[in-house]
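Everything on this sheet refers to the single structure shown next.
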Amino acid sequence: MAAPVSHSLLDGLRSPADLRHLDIAGLEALAVELRDFLIQSVSTRGGHFAAGLGTVELTIALHHVFNTPHDRLVWDVGHQAYPHKVLTGRKDQLGSIKQKDGLAPFPNRAESEYDTFGTGHSSTSISAALGMAIGAAARGESRRVVAVIGDGAMSGGMAFEALNHAGTLPANLLVVLNDNEMSISEGVGALSQYFARLIAGRAYSTLREGGKRVLSHMPMLSRLARRSEEHFKGMVLPGTLFEEMGFNYIGPIDGHDVGTLVSVLKNISTLDGPQFLHVITKKGKGYAPAEADPIKWHGPGPFDPTSGTIFKEKASGPTYSQVFGDWLCDVAAQDERIVGITPAMREGSGLVEFSRRFPDRYFDVAIAEQHAVTFAAGLACEGIKPVVAIYSTFLQRGYDQLVHDVALQNLPVVFAIDRAGLVGSDGATHQGSYDISFLRCIPNMVIMTPSDENECRQLLYTATTLSQPSAVRYPRGTGPGTTVARAMTALPVGRGIVRREGQSGLSIFAFGTLLAAALEAGEHLDATVVDMRFVKPMDQALVLQLAARSEAIVTIEENAVAGGAGSAVCEVLDGAQILVPRLCIGIPDRFIEHGSREECLVAAGLDTQTVLARISRWWEPMRAGLNRRTPALTLP
């Protein structure tokens, strides 16, 4: 067992200004303390882990050299920013990260002046940092702006759009590529493989530096060597790529050598124009279990820091992601045209087993949601049946492609939308609050909202039988524990099912996994409860049939009320000129912040108790005022 690590230096820091008084030896000692503090702190509650361990020295060096927060430091994604939070006055709060009313899981402008740009999605840092640099110049302010981007985020096209723009401008911008060979899953794609080969081969770097020393006294030969080097670099180093985009490329350098980092960053801070620093780090650095398996340790729950044992909550049943993964393997075994696509979320989306069993039909396209959607469209053009496994919050990034490349051409692409609704601890950037609203307005789309695990499996299968684009949305975590049938049966498209017949005159239309709350309200209020299953096409016949004999209608969904499934029900009623009181319950018009999923449901008013109370307050006075049952009014 390792000896306890003192945190005396770390405890004495009030802000990054304090660490600027430390020498290199002091900074190295601080890195040891900071890494140990992260291990001990995250072990108690869980959180993003391996990425932050890999950026300890880099974070210290950046805050030591640059005058933050006057100089801007922009983190990409934010998984790697825990050390940054600790060094910027939030050490004592780190234990509250991702908890209700605690620190935000990612950099957040409302939380600290050192969090210069809110993050959560990838590949945004260079664009934001460039905007800050140009904005500072326009105001005549002298400041440096640094974007720290991981190699996984470099696979996103937005990063290269920003690089392409930045290289044409005289902005004092530094882009630091934190090259750790990983994103969340393994890094994929040609660029990632290029960097990996570079790390393995140090011969070129040694030859180049030795040659410079030898030729420094021979000007003519030195110039010839430089011209030859440019040709060689194009074949060996990524530097040429970034230099051709207008950046001064520096590196690669060891991202765990504080002295080298400080020296290089000080030199760069004196240079004008766009700079690109390539830093090699190891995800999970300093904690052996995380170094050995950085995917497993990307965002663990609580764990024993000594043994490396992650404490798992006892599962009540399979998660929806597991239901999806099992279904995809089963349907792929039956139909060789089925392929699975993910934008770098193999583990989270439940695709591990599929990737092993069907490696030739599994495609991880890296953090490139736009490409994932259009790639699927191209596959569908050739008679393949693509299933795109994607989180609701990330599908937003492929919206244009979904409209123009899939729906407009009416291509049978299946979108398996994980983390639909409120996801919990990852907070506002990851809540899946809007997919019903932004999908419902697109022609040709079929939108399905399963209410339990078995319905999820059957609706996923239903989607593969359609000749048009479709989406099946399901939440994070486990369901109500419904037995999942092994047989796969296509359900009637656009048909809901009455789950409870009531006598009170109140009808509740439930879309998705809030059916349980709707059924409980139905029991208390003797209401009719319908599992609608489909948002589009809507079961109009069932809606109109119940509306004709109801005094009031409630809709409930785990999606934004604005433009959601409740709005669709209202449109059906309005189209039929049926006037009946309606209450639409869903995610309110505000961002729901981080906490457990249950706490997020409470915050949105979607927990069972609040749903029942809200319906009761609305319905009971209305019911009391009814002297007799009357049919729904029809507008003249």
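Labels used: A, B, ... for chains in the order of the structure tokens, numbers from 1 for residues in each chain, and numbers from 1 for ligands as shown.
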Any idea what's packed within 8 Å of region 130-139 of chain A, counting only C-alpha atoms, ignoring anything in its chain fewer than 4 positions away? Could you give it as a VMD selection string? chain A and resid 72 126 143 to 145 162 166 171 to 173
Go ahead and save the picked residues with C-alpha atoms, as a PDB file, in the first residue's frame.
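Wrote it out as result.pdb, contents follow:
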ATOM      1  CA  ARG A  72      -8.470  32.694 -21.621  1.00  0.00           C
ATOM      2  CA  ILE A 126     -10.989  26.090 -31.187  1.00  0.00           C
ATOM      3  CA  ARG A 143      -4.589  38.713 -23.872  1.00  0.00           C
ATOM      4  CA  ARG A 144      -3.628  35.181 -24.849  1.00  0.00           C
ATOM      5  CA  VAL A 145      -6.236  32.557 -25.650  1.00  0.00           C
ATOM      6  CA  ALA A 162     -12.075  26.290 -36.933  1.00  0.00           C
ATOM      7  CA  ALA A 166      -7.923  30.470 -37.643  1.00  0.00           C
ATOM      8  CA  ALA A 171      -5.025  35.926 -33.929  1.00  0.00           C
ATOM      9  CA  ASN A 172      -2.886  35.231 -30.871  1.00  0.00           C
ATOM     10  CA  LEU A 173      -4.348  31.771 -30.476  1.00  0.00           C
TER      11      LEU A 173
END
Tell me, which residues of region 352-397 of chain A carry DSSP helix (DSSP H, G or I), written as a list of chain:residue names? A:Val352, A:Glu353, A:Phe354, A:Ser355, A:Arg356, A:Arg357, A:Pro359, A:Asp360, A:Arg361, A:Glu369, A:Gln370, A:His371, A:Ala372, A:Val373, A:Thr374, A:Phe375, A:Ala376, A:Ala377, A:Gly378, A:Leu379, A:Ala380, A:Cys381, A:Ser392, A:Thr393, A:Phe394, A:Leu395, A:Gln396, A:Arg397
Filtering to C-alpha atoms, could you give me those residues as a CSV table (one decimal), in the first residue's frame?
chain,number,residue,atom,x,y,z
A,352,VAL,CA,-19.6,-3.9,-27.2
A,353,GLU,CA,-21.0,-7.4,-27.9
A,354,PHE,CA,-22.2,-6.4,-31.3
A,355,SER,CA,-18.7,-5.1,-32.2
A,356,ARG,CA,-17.2,-8.4,-31.2
A,357,ARG,CA,-19.7,-10.7,-32.9
A,359,PRO,CA,-16.9,-6.7,-36.5
A,360,ASP,CA,-17.4,-6.3,-40.3
A,361,ARG,CA,-20.8,-4.7,-39.7
A,369,GLU,CA,-22.3,12.8,-35.7
A,370,GLN,CA,-22.9,14.6,-39.0
A,371,HIS,CA,-20.8,12.0,-40.8
A,372,ALA,CA,-22.5,9.2,-38.9
A,373,VAL,CA,-26.0,10.2,-40.2
A,374,THR,CA,-25.0,10.8,-43.8
A,375,PHE,CA,-22.8,7.6,-43.8
A,376,ALA,CA,-25.9,5.7,-42.8
A,377,ALA,CA,-27.9,7.4,-45.6
A,378,GLY,CA,-25.3,6.2,-48.1
A,379,LEU,CA,-25.5,2.7,-46.8
A,380,ALA,CA,-29.3,2.7,-47.0
A,381,CYS,CA,-29.0,3.8,-50.7
A,392,SER,CA,-30.4,12.2,-27.9
A,393,THR,CA,-28.2,15.2,-27.0
A,394,PHE,CA,-25.7,14.2,-29.7
A,395,LEU,CA,-28.3,13.7,-32.5
A,396,GLN,CA,-28.8,17.4,-32.3
A,397,ARG,CA,-25.4,17.8,-34.0
7 Å contact set for region 415-419 of chain A, only C-alpha atoms, chain neighbours under 2 positions out, as a count of residues only: 19
Taking 5 positions as the minimum chain separation for residues in the same chain, which residues sit within 9 Å of region 254-270 of chain A when counting only C-alpha atoms? Answer as a PyMOL selection string. chain A and resi 24-25+27-28+31+54-58+60-62+64-66+144+172+174+178-179+275+277-282+285
Spatial neighbours of Val148 (chain A), 7 Å, only C-alpha atoms, chain gap at least 2 places, as a list in words: Val74, Trp75, Asp76, Ser125, Val146, Gly150, Val175, Val176, Leu177 and Asn178 of chain A
Please report, as number ranges by chain, each residue of region 252-376 of chain A to which DSSP assigns strand (DSSP E or B) when run on this structure's backbone. A: 252-254, 275-280, 303-304, 309-310, 319, 338-342, 362-364
Among listed residues A:Val535, A:Gly479, A:Gln503, A:Ala490, nearest Leu439 (chain A) (using only C-alpha atoms):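 Closest residue, counting only C-alpha atoms: A:Val535.
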Leaving out Ile39 (chain A) and any residue of its chain fewer than 3 positions from it, which residues lie within 8 Å of it when counting only C-alpha atoms, given as a ChimeraX atom specification? /A:35-36,42-43,49,287,305
So which one's closest to Leu519 (chain A), A:Pro4, A:Pro343, A:Gly502, A:Gly481? Using only C-alpha atoms, please. A:Gly502
Taking only C-alpha atoms into account, name the residue in A:Asn180, A:Asn410, A:Thr309, A:Thr429 that is nearest to Asn108 (chain A).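 Selected residue with least distance to Asn108 (chain A): A:Thr429.
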Calculated over only C-alpha atoms, which of the candidates A:His21, A:Thr306, A:Ile253, A:Gly140 has the smallest distance to Ala288 (chain A)?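 Comparing A:His21, A:Thr306, A:Ile253, A:Gly140 against Ala288 (chain A), the winner is A:Thr306.
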Could you check how far CA of Lys85 (chain A) sits from CA of Phe247 (chain A), in Å to one decimal?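 So the two atoms, CA of Lys85 (chain A) and CA of Phe247 (chain A), lie 29.1 Å apart.
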Pairwise distance for CA of Thr449 (chain A) and CA of Gln468 (chain A), rounded to one decimal in Å: 17.0 Å
Determine, using only C-alpha atoms, which residues of region 464-547 of chain A have any atom at most 10 Å from an atom of region 323-341 of chain A, and tabulate each with its shortest atom pair and distance in Å to one decimal place, rows ordered by chain and then rising number, as CSV.
residue,atom,partner,partner_atom,distance
A:Thr464,CA,A:Ile338,CA,8.6
A:Tyr474,CA,A:Phe324,CA,9.4
A:Thr478,CA,A:Val323,CA,9.4
A:Gly479,CA,A:Val323,CA,10.0
A:Val484,CA,A:Val323,CA,8.3
A:Arg486,CA,A:Trp327,CA,8.7
A:Ala487,CA,A:Asp330,CA,9.6
A:Met488,CA,A:Val331,CA,8.4
Distance in Å - CA of Met154 (chain A) versus CA of Gly251 (chain A): 16.4 Å
Residues within 6 Å of region 563-575 of chain A, please, as an MDAnalysis selection string. Count only C-alpha atoms; anything in the same chain fewer than 5 positions from it doesn't count. chainID A and resid 436:437 535 555 584
Min atom-atom distance to Ser451 (chain A) from the set A:Ile556, A:Thr610, A:Ala547, A:Lys536, counting only C-alpha atoms, belongs to A:Ile556
